[in-house]
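Text of entry-v3.txt, listed as compact mmCIF, C-alpha atoms:
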# COMPACT_ATOMS: atom_id res chain seq x y z
CA MET H 14 -46.14 40.63 168.30
CA ASP H 15 -43.53 41.24 165.60
CA ASP H 16 -43.15 44.52 163.75
CA LEU H 17 -45.08 43.39 160.69
CA GLU H 18 -48.07 42.22 162.71
CA PHE H 19 -47.98 45.36 164.82
CA ARG H 20 -47.97 47.57 161.74
CA ARG H 21 -50.85 45.66 160.19
CA ASN H 22 -52.89 46.07 163.33
CA ALA H 23 -51.96 49.70 163.81
CA PHE H 24 -52.87 50.70 160.24
CA ALA H 25 -56.06 48.66 160.23
CA ASP H 26 -57.31 50.04 163.54
CA PRO H 27 -55.28 52.59 165.51
CA GLN H 28 -58.01 52.74 168.15
CA ASN H 29 -57.63 49.01 168.90
CA GLN H 30 -57.84 48.54 172.69
CA ASP H 31 -56.69 44.93 172.74
CA PRO H 32 -54.19 44.60 175.67
CA GLU H 33 -51.70 42.62 173.59
CA PHE H 34 -51.72 45.31 170.90
CA LEU H 35 -51.36 48.12 173.46
CA ALA H 36 -48.46 46.32 175.12
CA ALA H 37 -46.82 45.88 171.71
CA ALA H 38 -47.27 49.61 171.06
CA ARG H 39 -45.50 50.48 174.32
CA SER H 40 -42.58 48.18 173.63
CA SER H 41 -40.62 50.63 171.47
CA PRO H 42 -40.57 54.41 170.96
CA GLU H 43 -40.91 53.91 167.17
CA ARG H 44 -44.09 51.88 167.60
CA THR H 45 -45.52 54.40 170.05
CA ALA H 46 -44.75 57.23 167.62
CA LEU H 47 -46.30 55.40 164.68
CA LEU H 48 -49.47 54.66 166.62
CA GLN H 49 -49.75 58.27 167.78
CA GLN H 50 -49.29 59.46 164.21
CA LEU H 51 -52.06 57.13 162.97
CA GLN H 52 -54.37 58.19 165.77
CA ALA H 53 -53.74 61.84 164.89
CA LEU H 54 -54.53 61.02 161.27
CA ASP H 55 -57.79 59.38 162.33
CA ALA H 56 -58.76 62.44 164.33
CA ARG H 57 -58.19 64.64 161.29
CA VAL H 58 -60.08 62.30 158.96
CA SER H 59 -62.95 62.16 161.40
CA ALA H 60 -63.10 65.94 161.82
CA ALA H 61 -62.91 66.46 158.06
CA ALA H 62 -65.62 63.93 157.33
CA GLN H 63 -67.88 65.36 160.04
CA SER H 64 -67.39 68.90 158.79
CA ILE H 65 -69.70 68.29 155.84
CA ALA H 66 -72.63 70.66 156.36
CA VAL H 67 -75.97 68.89 156.62
CA PRO H 68 -78.74 70.80 154.77
CA SER H 69 -80.79 72.68 157.34
CA GLU H 70 -84.17 71.64 155.93
CA LEU H 71 -83.32 67.95 155.61
CA LYS H 72 -84.61 66.79 158.98
CA ALA H 73 -87.95 68.59 158.58
CA ARG H 74 -88.30 67.09 155.12
CA LEU H 75 -87.64 63.57 156.39
CA MET H 76 -90.13 64.01 159.21
CA ALA H 77 -92.88 65.49 157.07
CA ARG H 78 -92.77 63.18 154.10
CA GLU H 79 -96.06 63.14 152.27
CA GLU H 80 -95.35 59.54 151.35
CA LEU H 81 -95.41 58.61 155.03
CA ALA H 82 -98.84 60.10 155.51
CA ALA H 83 -99.98 58.59 152.22
CA ASN H 84 -98.64 55.21 153.28
CA ASP H 85 -100.47 55.47 156.58
CA ALA H 86 -103.69 56.46 154.88
CA ILE H 87 -103.55 53.58 152.45
CA VAL H 88 -102.81 50.99 155.14
CA ALA H 89 -105.40 52.38 157.57
CA SER H 90 -108.21 52.65 155.06
CA LYS H 91 -107.93 49.19 153.55
CA PRO H 92 -110.42 46.67 154.85
CA LYS H 93 -109.09 43.16 155.32
CA THR H 94 -110.66 41.64 152.22
CA THR H 95 -109.08 44.35 150.10
CA ARG H 96 -105.75 43.50 151.64
CA TYR H 97 -106.07 39.88 150.59
CA ILE H 98 -106.94 40.99 147.08
CA ALA H 99 -104.00 43.39 147.21
CA VAL H 100 -101.69 40.56 148.26
CA ALA H 101 -102.96 38.44 145.40
CA ALA H 102 -102.54 41.36 143.01
CA SER H 103 -99.02 41.91 144.33
CA LEU H 104 -98.18 38.30 143.63
CA VAL H 105 -99.40 38.73 140.08
CA VAL H 106 -97.30 41.88 139.71
CA ALA H 107 -94.32 40.15 141.33
CA LEU H 108 -94.64 37.35 138.80
CA GLY H 109 -94.82 39.99 136.09
CA LEU H 110 -91.67 41.53 137.49
CA ILE H 111 -89.83 38.25 137.26
CA LEU H 112 -91.02 37.72 133.72
CA SER H 113 -90.24 41.22 132.50
CA PRO H 114 -87.25 42.58 134.40
CA GLY H 115 -86.60 46.26 133.86
CA LEU H 116 -90.15 47.20 132.98
CA ILE H 117 -91.37 47.94 136.44
CA THR H 118 -89.62 48.62 139.71
CA ALA H 119 -92.61 49.11 142.02
CA ARG H 120 -96.17 47.84 141.95
CA PRO H 121 -98.01 49.89 139.34
CA SER H 122 -101.74 49.58 139.01
CA ALA H 123 -103.59 49.07 135.74
CA SER H 124 -104.09 52.84 135.50
CA ASP H 125 -100.37 53.33 136.14
CA LEU H 126 -99.58 51.02 133.24
CA LYS H 127 -102.01 52.90 131.04
CA PHE H 128 -100.30 56.13 132.03
CA HIS H 129 -96.95 54.51 131.21
CA ASP H 130 -98.14 53.83 127.65
CA GLU H 131 -99.52 57.35 127.34
CA VAL H 132 -96.18 58.81 128.41
CA ILE H 133 -94.31 56.75 125.83
CA GLY H 134 -96.84 57.69 123.15
CA HIS H 135 -96.61 61.35 124.13
CA VAL H 136 -92.82 61.38 123.92
CA TYR H 137 -92.92 59.80 120.45
CA ARG H 138 -95.44 62.41 119.30
CA GLU H 139 -93.52 65.35 120.77
CA VAL H 140 -89.96 64.34 119.98
CA ALA H 141 -90.00 65.75 116.45
CA ARG H 142 -90.85 69.19 117.84
CA TYR H 143 -87.72 69.52 119.94
CA ASP H 144 -85.15 66.93 118.95
CA THR H 145 -83.23 69.17 116.56
CA LYS H 146 -83.61 72.34 118.61
CA ARG H 147 -80.36 73.64 120.04
CA GLU H 148 -80.83 77.11 121.53
CA ASP H 149 -81.68 77.39 125.22
CA ALA H 150 -85.04 78.61 126.43
CA SER H 151 -84.94 81.43 128.98
CA LEU H 152 -85.73 80.70 132.61
CA ALA H 153 -88.61 83.20 132.37
CA GLN H 154 -90.04 81.26 129.45
CA ILE H 155 -89.63 77.96 131.29
CA ASN H 156 -91.22 79.33 134.43
CA SER H 157 -94.20 80.78 132.59
CA VAL H 158 -94.94 77.25 131.37
CA LEU H 159 -94.30 75.72 134.79
CA LYS H 160 -96.53 78.34 136.40
CA GLU H 161 -99.43 77.01 134.35
CA ALA H 162 -98.73 73.58 135.83
CA GLY H 163 -98.57 75.03 139.34
CA GLY H 164 -94.91 75.56 140.18
CA HIS H 165 -91.58 77.09 139.26
CA LEU H 166 -87.88 76.37 139.15
CA ARG H 167 -85.65 78.28 141.51
CA ASN H 168 -83.12 80.44 139.74
CA GLU H 169 -80.03 78.31 140.29
CA GLU H 170 -76.75 78.14 138.46
CA ARG H 171 -76.96 74.40 137.85
CA ILE H 172 -80.42 74.79 136.32
CA LYS H 173 -79.01 77.37 133.91
CA GLN H 174 -76.28 74.93 132.99
CA MET H 175 -78.77 72.25 132.04
CA HIS H 176 -79.46 73.63 128.54
CA ILE H 177 -83.24 73.50 128.64
CA LYS H 178 -84.19 74.04 125.02
CA PHE H 179 -87.94 73.58 124.98
CA ALA H 180 -90.80 74.45 127.30
CA ASN H 181 -94.45 73.98 126.55
CA GLY H 182 -97.77 73.23 128.15
CA CYS H 183 -98.47 69.52 128.28
CA ASN H 184 -101.70 67.57 127.99
CA ILE H 185 -100.30 64.23 129.12
CA ALA H 186 -102.78 63.98 131.98
CA SER H 187 -106.24 64.71 130.67
CA ASN H 188 -107.59 66.10 133.93
CA SER H 189 -104.87 68.58 134.78
CA LYS H 190 -102.44 71.01 133.27
CA GLY H 191 -98.87 69.91 132.87
CA ALA H 192 -95.55 71.33 131.74
CA HIS H 193 -93.13 69.68 129.37
CA ILE H 194 -89.55 70.89 129.31
CA VAL H 195 -86.75 69.34 127.31
CA LEU H 196 -83.03 69.54 127.88
CA ASP H 197 -79.99 68.31 126.08
CA GLY H 198 -78.74 65.13 127.69
CA GLU H 199 -75.66 63.05 126.95
CA LYS H 200 -77.44 60.64 124.60
CA GLY H 201 -80.07 62.97 123.16
CA SER H 202 -83.04 64.96 124.36
CA VAL H 203 -84.36 64.47 127.87
CA SER H 204 -88.03 65.16 128.50
CA VAL H 205 -89.10 66.38 131.90
CA MET H 206 -92.81 66.63 132.53
CA VAL H 207 -94.42 68.01 135.64
CA VAL H 208 -98.07 67.21 136.08
CA HIS H 209 -100.31 68.41 138.83
CA ASN H 210 -102.80 65.89 140.24
CA SER H 211 -102.06 63.05 137.88
CA PRO H 212 -103.01 59.53 138.88
CA VAL H 213 -99.69 57.91 139.77
CA THR H 214 -98.89 57.21 143.42
CA THR H 215 -95.76 55.11 143.18
CA THR H 216 -92.50 55.50 141.32
CA PHE H 217 -92.11 53.22 138.38
CA ASP H 218 -89.98 52.88 135.30
CA VAL H 219 -90.88 53.87 131.78
CA ASN H 220 -89.32 51.63 129.20
CA ASP H 221 -89.61 50.71 125.57
CA SER H 222 -87.23 49.85 122.77
CA ARG H 223 -85.95 53.42 122.45
CA PHE H 224 -86.76 55.40 125.59
CA ALA H 225 -86.30 54.86 129.30
CA GLY H 226 -87.30 56.89 132.28
CA LYS H 227 -89.34 57.18 135.41
CA ILE H 228 -92.67 58.40 136.67
CA ILE H 229 -92.25 59.71 140.17
CA PRO H 230 -94.80 60.94 142.75
CA PHE H 231 -93.64 64.49 143.28
CA GLY H 232 -95.19 66.74 145.91
CA GLU H 233 -98.55 67.86 144.53
CA GLY H 234 -98.26 65.80 141.37
CA ASN H 235 -95.89 63.69 139.34
CA LEU H 236 -92.51 64.20 137.81
CA ILE H 237 -91.87 62.29 134.61
CA ILE H 238 -88.39 62.03 133.17
CA VAL H 239 -87.76 60.22 129.92
CA GLY H 240 -84.66 60.06 127.76
CA GLU H 241 -82.95 57.83 125.28
CA LYS H 242 -81.87 54.50 126.73
CA ASP H 243 -78.65 54.73 128.81
CA GLU H 244 -79.14 58.43 129.45
CA PRO H 245 -78.06 59.12 133.07
CA LEU H 246 -81.43 60.52 134.12
CA ASP H 247 -80.93 60.47 137.86
CA LYS H 248 -78.78 63.55 137.94
CA TYR H 249 -81.49 65.52 136.14
CA GLN H 250 -84.10 64.08 138.45
CA ALA H 251 -82.06 65.17 141.46
CA MET H 252 -81.54 68.67 140.11
CA ILE H 253 -85.14 69.23 139.02
CA SER H 254 -86.69 67.81 142.15
CA ASP H 255 -84.34 69.93 144.19
CA ALA H 256 -84.99 73.19 142.34
CA PHE H 257 -88.71 72.82 141.65
CA GLU H 258 -91.23 74.32 144.02
CA TRP H 259 -94.99 73.91 143.88
CA SER H 260 -96.93 77.11 144.30
CA ILE H 261 -100.41 75.60 144.52
CA MET N 9 -104.56 40.56 171.09
CA SER N 10 -103.14 42.86 168.48
CA GLU N 11 -103.01 46.63 168.85
CA THR N 12 -105.37 48.81 166.89
CA PRO N 13 -103.94 49.92 163.55
CA VAL N 14 -104.08 53.59 164.59
CA LEU N 15 -101.95 52.93 167.66
CA ASP N 16 -99.56 50.81 165.60
CA ASP N 17 -99.20 53.63 163.10
CA ARG N 18 -98.59 56.14 165.83
CA ARG N 19 -95.93 53.95 167.42
CA LYS N 20 -94.32 53.42 164.05
CA ARG N 21 -94.26 57.15 163.48
CA VAL N 22 -92.67 57.81 166.88
CA ARG N 23 -90.05 55.14 166.25
CA TYR N 24 -89.34 56.54 162.79
CA GLU N 25 -88.95 60.07 164.10
CA ALA N 26 -86.55 58.92 166.79
CA LEU N 27 -84.53 57.20 164.10
CA VAL N 28 -84.41 60.30 161.91
CA ASP N 29 -83.55 62.48 164.87
CA ALA N 30 -80.66 60.30 166.01
CA LEU N 31 -79.16 59.34 162.68
CA TYR N 32 -80.04 61.65 159.80
CA GLN N 33 -76.81 63.61 160.05
CA ASP N 34 -74.63 60.50 160.05
CA VAL N 35 -76.62 59.07 157.17
CA TYR N 36 -76.33 62.30 155.17
CA ARG N 37 -72.58 62.54 155.70
CA TYR N 38 -72.08 58.94 154.75
CA ALA N 39 -74.21 59.54 151.64
CA TYR N 40 -72.18 62.61 150.85
CA TRP N 41 -68.92 60.67 151.00
CA LEU N 42 -70.39 57.91 148.89
CA CYS N 43 -71.47 60.13 146.01
CA LYS N 44 -69.50 63.32 146.78
CA ASN N 45 -72.33 65.59 145.76
CA GLY N 46 -74.68 67.42 148.11
CA ALA N 47 -77.83 67.29 145.97
CA LEU N 48 -77.45 63.61 145.19
CA ALA N 49 -76.65 62.86 148.83
CA GLU N 50 -79.84 64.58 149.94
CA ASP N 51 -81.86 62.63 147.42
CA LEU N 52 -80.25 59.41 148.58
CA VAL N 53 -81.00 60.15 152.22
CA GLN N 54 -84.65 60.84 151.43
CA GLU N 55 -84.91 57.62 149.48
CA THR N 56 -83.15 55.72 152.26
CA PHE N 57 -85.48 56.96 154.98
CA LEU N 58 -88.52 56.35 152.83
CA ARG N 59 -87.44 52.73 152.40
CA ALA N 60 -86.66 52.55 156.09
CA TRP N 61 -90.19 53.75 156.84
CA ARG N 62 -91.69 51.14 154.58
CA SER N 63 -89.77 48.29 156.15
CA LEU N 64 -89.42 49.59 159.68
CA ASP N 65 -90.97 46.42 161.07
CA SER N 66 -88.04 44.40 159.77
CA LEU N 67 -85.66 46.32 162.06
CA GLN N 68 -85.69 44.15 165.17
CA ASN N 69 -83.19 46.00 167.28
CA ASP N 70 -82.85 49.79 167.25
CA LYS N 71 -79.19 49.46 168.22
CA ALA N 72 -78.59 48.00 164.77
CA ALA N 73 -80.40 50.92 163.10
CA LYS N 74 -77.30 52.72 161.89
CA ALA N 75 -75.83 49.69 160.15
CA TRP N 76 -79.28 48.92 158.73
CA LEU N 77 -79.70 52.45 157.33
CA PHE N 78 -76.18 52.49 155.90
CA THR N 79 -76.87 49.19 154.17
CA ILE N 80 -80.10 50.55 152.65
CA LEU N 81 -78.23 53.67 151.59
CA ARG N 82 -75.49 51.73 149.84
CA ARG N 83 -78.08 49.68 148.00
CA GLU N 84 -79.98 52.79 146.92
CA ASN N 85 -76.77 54.43 145.77
CA ALA N 86 -75.94 51.39 143.67
CA ARG N 87 -79.47 51.25 142.29
CA LEU N 88 -79.93 54.95 141.55
CA TYR N 89 -76.55 56.38 140.77
CA GLU N 90 -73.53 54.18 140.56
CA ARG N 91 -74.46 52.44 137.36
CA TYR N 92 -75.34 55.71 135.68
CA ARG N 93 -72.40 57.90 136.36
CA PRO N 94 -68.65 57.83 136.85
CA GLU N 95 -67.35 58.83 140.25
CA LEU N 96 -66.98 62.53 140.84
CA VAL N 97 -63.54 63.44 142.03
CA ASP N 98 -64.03 67.10 142.86
CA ILE N 99 -65.96 67.91 145.95
CA GLU N 100 -68.09 70.96 146.32
CA ASP N 101 -66.66 73.88 148.28
CA GLN N 102 -69.97 74.82 149.80
CA SER N 103 -70.36 71.42 151.41
CA ILE N 104 -67.73 72.15 154.00
CA ALA N 105 -69.30 73.79 157.02
CA ASP N 106 -67.87 77.22 157.80
CA SER N 107 -68.13 76.91 161.53
CA PHE N 108 -65.22 74.58 162.08
CA GLU N 109 -62.18 76.72 161.43
CA SER N 110 -61.76 80.32 160.59
CA GLU N 111 -57.99 80.28 160.20
CA PRO N 112 -56.97 80.08 156.55
CA ASP N 113 -54.29 77.47 157.32
CA GLN N 114 -56.76 75.17 159.00
CA ARG N 115 -59.24 75.59 156.20
CA LEU N 116 -56.53 74.75 153.69
CA ASP N 117 -55.59 71.68 155.70
CA ARG N 118 -59.21 70.57 155.80
CA ARG N 119 -59.60 71.21 152.10
CA LEU N 120 -56.54 69.05 151.35
CA LEU N 121 -57.80 66.35 153.65
CA HIS N 122 -61.21 66.40 151.96
CA GLU N 123 -59.54 66.00 148.62
CA ALA N 124 -57.33 63.21 149.90
CA ILE N 125 -60.31 61.31 151.32
CA ALA N 126 -62.39 61.94 148.22
CA SER N 127 -59.64 60.74 145.93
CA LEU N 128 -59.17 57.45 147.78
CA GLU N 129 -60.62 54.64 145.71
CA LYS N 130 -64.10 53.76 146.89
CA ASP N 131 -62.96 50.33 148.07
CA TYR N 132 -60.64 52.05 150.56
CA ARG N 133 -62.69 55.13 151.34
CA GLU N 134 -65.81 53.28 152.39
CA PRO N 135 -64.40 51.01 155.09
CA LEU N 136 -62.27 53.85 156.45
CA LEU N 137 -65.27 56.17 156.82
CA LEU N 138 -67.39 53.40 158.27
CA GLN N 139 -64.72 52.82 160.89
CA VAL N 140 -63.66 56.38 161.70
CA VAL N 141 -66.98 58.17 161.25
CA GLY N 142 -69.52 55.39 161.67
CA GLY N 143 -67.70 53.86 164.63
CA PHE N 144 -68.26 50.35 163.28
CA SER N 145 -66.04 47.40 164.17
CA GLY N 146 -64.22 45.41 161.51
CA LYS N 147 -66.85 42.70 161.75
CA GLU N 148 -69.72 45.17 161.32
CA ILE N 149 -67.99 46.78 158.35
CA ALA N 150 -67.53 43.35 156.81
CA ALA N 151 -71.26 42.74 157.19
CA ILE N 152 -72.27 46.11 155.72
CA LEU N 153 -69.92 45.78 152.75
CA ASP N 154 -70.52 42.08 152.36
CA LEU N 155 -66.81 41.28 152.53
CA ASN N 156 -64.78 39.00 154.72
CA ASN N 157 -63.01 40.40 157.73
CA ASN N 158 -59.47 40.00 156.35
CA THR N 159 -60.37 41.93 153.24
CA VAL N 160 -61.77 44.75 155.33
CA MET N 161 -58.62 44.86 157.46
CA THR N 162 -56.44 44.91 154.36
CA ARG N 163 -58.43 47.74 152.86
CA LEU N 164 -58.27 49.73 156.08
CA PHE N 165 -54.52 49.17 156.19
CA ARG N 166 -54.13 50.43 152.65
CA ALA N 167 -56.48 53.38 153.11
CA ARG N 168 -54.46 54.66 156.06
CA GLY N 169 -51.23 53.90 154.26
CA LYS N 170 -52.30 56.12 151.37
CA LEU N 171 -53.49 58.98 153.57
CA LYS N 172 -50.42 58.76 155.77
CA HIS N 173 -48.19 59.22 152.74
CA VAL N 174 -50.07 62.40 151.90
CA PHE N 175 -50.03 63.89 155.38
CA PHE N 176 -46.87 62.48 156.91
CA PRO N 177 -44.59 62.06 153.90
CA ASP N 178 -41.56 61.78 156.18
CA GLY N 179 -42.55 58.22 157.12
CA ASN N 180 -40.71 55.10 156.15
CA PRO N 181 -40.63 55.00 152.34
CA ASP N 182 -40.64 51.20 152.44
CA GLU N 183 -44.01 51.10 154.19
CA SER N 184 -45.80 49.98 151.08
CA LEU N 185 -43.56 46.91 150.80
CA ASP N 186 -45.09 45.12 153.75
CA GLU N 187 -48.74 45.53 152.92
CA PRO N 188 -50.73 42.43 153.65
CA GLN N 189 -51.67 40.55 150.51
CA ASP N 190 -54.50 38.47 151.85
CA GLU N 191 -57.40 39.88 149.82
Can the structure in the file be given as structure tokens, please?
Amino acid sequence: MDDLEFRRNAFADPQNQDPEFLAAARSSPERTALLQQLQALDARVSAAAQSIAVPSELKARLMAREELAANDAIVASKPKTTRYIAVAASLVVALGLILSPGLITARPSASDLKFHDEVIGHVYREVARYDTKREDASLAQINSVLKEAGGHLRNEERIKQMHIKFANGCNIASNSKGAHIVLDGEKGSVSVMVVHNSPVTTTFDVNDSRFAGKIIPFGEGNLIIVGEKDEPLDKYQAMISDAFEWSI
Amino acid sequence: MSETPVLDDRRKRVRYEALVDALYQDVYRYAYWLCKNGALAEDLVQETFLRAWRSLDSLQNDKAAKAWLFTILRRENARLYERYRPELVDIEDQSIADSFESEPDQRLDRRLLHEAIASLEKDYREPLLLQVVGGFSGKEIAAILDLNNNTVMTRLFRARGKLKHVFFPDGNPDESLDEPQDE
């Protein structure tokens, strides 16, 4: 094994146990030193990468996912004939997916699609009330609205940095109280609605010519996030879903 | 004769819990190094395990579970985050566990190493972490990243070359001249 080949192998995998490679490593003090240096580097990289603290609640959250129980319940309660109908319906939706990419990411039901249209309509109706607003709402104000919907946001620094400028009760779901908060995004206003007990059970996209977003099953209810097209909504989704706690 | 659905569900649950138990920490850390943000990583891990739950039947061999989960995670990261946001370069201080070193020098060293890993381009960082942290072979990394084996080896070579220059700057300054060019 010449020097070039040895170096390639050593840099690509210093833990390589191939006898020919190990013999090559022993053949000169320089090679041995290089390999030891690379192995030491690996040990440090490994220790550094493993030193990332894993959130203490994560395991419990993964084990106790409501979606898992919900999934079980749906599968267990469906009689066979319903399953066949469901398969047929899925095929129809799948065909719809192929024909209209971007509209839907999951398998929304007819009521989900109706809700989709209501969300879009609601955002168009409400946008004039908050689009030009600039001053931040206080966390107390936001939480008094969220309390009505059955939850609150934890008092976190990153929430304060989100520039939430509007908070109001929301009638998007006719059978339950909701909260509508609005923050300044990169492309314009971002609407975040939290609704308790609304009808949606699967995440799906909201999309029209101006707005884009998502309706997401969220603990006791749904989280709806809608912004102008191309707004990076996922970071807001992550922050809100992380900081929001249901109290009912 | 097929099992009753209730028993199937219970078995699925047991299998899922064993999977979470064995691998959630590895999956979280990999997620963290992919997106370099704790909150996003947590979200990604939850999404990954939810998808794993839904398609658990497609995992034939539990020994392949880690590679399977990492592949789901990469896909979710691409779907949820990558196209929306530029890469973060800074990493969060609070993500580094306190228990490892108490000596200020060691903490500084770790901090520098974190920054060096985080600032590697993703193409280099990913295979390196898969190899060093995930314990995957070159062939397995090639499968997870959907690359050919030579490309993976070249990227690993370059990743270590870059880190070595940071941590052992006394090395041969001509090292970069003989990098393989077979990508």
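In this structure, atom CA of Ala36 of chain H sits 20.7 Å away from atom CA of Ser145 of chain N.
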### Query
To one decimal place, how far is atom CA of Glu18 of chain H from atom CA of Lys130 of chain N in Å?
25.3 Å
### Query
Need the neighbours of (-62.1, 67.7, 158.2): which residues are at most 9 Å away, counting all atoms listed in the file, as a ChimeraX atom specification?
/H:56-65 /N:104,108,115,117-122
#### Entry: Distance query Val140 of chain N at most 12 Å, all atoms listed in the file, self and fewer than 3 positions along chain excluded, as a ChimeraX atom specification
/H:25-29,51-63 /N:34,38,125,133-137,143-146,149,164,167-168
### Message
Give me the residues near Ala49 of chain N as a ChimeraX atom specification, where near means some atom within 7 Å (using only C-alpha atoms) and where sequence neighbours in that chain fewer than 5 positions away do not count.
### Response
/N:36,39-40,43
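In this structure, atom CA of Ser122 of chain H sits 18.2 Å away from atom CA of Val208 of chain H.
Residue nearest Ala73 of chain N within the list N:Asp17, N:Tyr132, N:Ala26, N:Ala150: N:Ala26 [criterion: smallest interatomic distance, all atoms listed in the file].
With distances taken over only C-alpha atoms, N:Arg37 is the one residue among N:Arg37, N:Lys20, N:Lys74, N:Arg87 lying closest to chain H.
Candidate residues N:Leu48, N:Leu42, N:Ala124, N:Ala60 were compared for distance to chain H, and the nearest is N:Leu48, using all atoms listed in the file.
Between Asn220 of chain H and the candidates H:Val239, H:Leu75, H:Val203, H:Ile185, the tightest atom-to-atom separation, counting all atoms listed in the file, involves H:Val239.
Here the question is which of N:Lys71, N:Lys147, N:Lys170, N:Lys44 gets nearest to Leu128 of chain N using only C-alpha atoms, and that residue is N:Lys170.
Of the residues listed (N:Trp61, N:Trp76, N:Phe176, N:Phe165), N:Phe165 shows the shortest atom-to-atom separation from chain H; distances use only C-alpha atoms.
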Using all atoms listed in the file, find all polymer residues with an atom at most 12 Å away from the point (-99.8, 78.0, 128.6); report them as a PDB file with C-alpha atoms, in the frame of the given file.
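Heads up, here's the output in result.pdb:
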ATOM      1  CA  GLN H 154     -90.040  81.260 129.450  1.00  0.00           C
ATOM      2  CA  ILE H 155     -89.630  77.960 131.290  1.00  0.00           C
ATOM      3  CA  ASN H 156     -91.220  79.330 134.430  1.00  0.00           C
ATOM      4  CA  SER H 157     -94.200  80.780 132.590  1.00  0.00           C
ATOM      5  CA  VAL H 158     -94.940  77.250 131.370  1.00  0.00           C
ATOM      6  CA  LEU H 159     -94.300  75.720 134.790  1.00  0.00           C
ATOM      7  CA  LYS H 160     -96.530  78.340 136.400  1.00  0.00           C
ATOM      8  CA  GLU H 161     -99.430  77.010 134.350  1.00  0.00           C
ATOM      9  CA  ALA H 162     -98.730  73.580 135.830  1.00  0.00           C
ATOM     10  CA  GLY H 163     -98.570  75.030 139.340  1.00  0.00           C
ATOM     11  CA  ALA H 180     -90.800  74.450 127.300  1.00  0.00           C
ATOM     12  CA  ASN H 181     -94.450  73.980 126.550  1.00  0.00           C
ATOM     13  CA  GLY H 182     -97.770  73.230 128.150  1.00  0.00           C
ATOM     14  CA  CYS H 183     -98.470  69.520 128.280  1.00  0.00           C
ATOM     15  CA  ASN H 184    -101.700  67.570 127.990  1.00  0.00           C
ATOM     16  CA  LYS H 190    -102.440  71.010 133.270  1.00  0.00           C
ATOM     17  CA  GLY H 191     -98.870  69.910 132.870  1.00  0.00           C
ATOM     18  CA  ALA H 192     -95.550  71.330 131.740  1.00  0.00           C
ATOM     19  CA  HIS H 193     -93.130  69.680 129.370  1.00  0.00           C
TER      20      HIS H 193
END
### Query
Could you name the residues that touch Gly201 of chain H at 9 Å or less, counting all atoms listed in the file, but leaving out those on the same chain fewer than 3 positions away, as number ranges by chain?
H: 144, 196-198, 240-241, 244
### Message
Give me the residues near Met175 of chain H as JSON, numbers by chain, where near means some atom within 10 Å (using only C-alpha atoms) and where sequence neighbours in that chain fewer than 4 positions away do not count.
### Response
{"H": [149, 170, 171, 195, 196, 197, 198, 249, 252, 253]}
Which residues are near Gln250 of chain H? Cut-off 9 Å, all atoms listed in the file, ignore same chain within fewer than 4 positions. Put them as a short mmCIF file (atom, residue, chain, number, x, y, z; two decimals) with C-alpha atoms, in the coordinates of the input.
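Done, and the output landed in part.cif:
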data_model
loop_
_atom_site.label_atom_id
_atom_site.label_comp_id
_atom_site.auth_asym_id
_atom_site.auth_seq_id
_atom_site.Cartn_x
_atom_site.Cartn_y
_atom_site.Cartn_z
CA VAL H 205 -89.10 66.38 131.90
CA LEU H 236 -92.51 64.20 137.81
CA ILE H 237 -91.87 62.29 134.61
CA ILE H 238 -88.39 62.03 133.17
CA LEU H 246 -81.43 60.52 134.12
CA SER H 254 -86.69 67.81 142.15
CA ASP H 255 -84.34 69.93 144.19
#
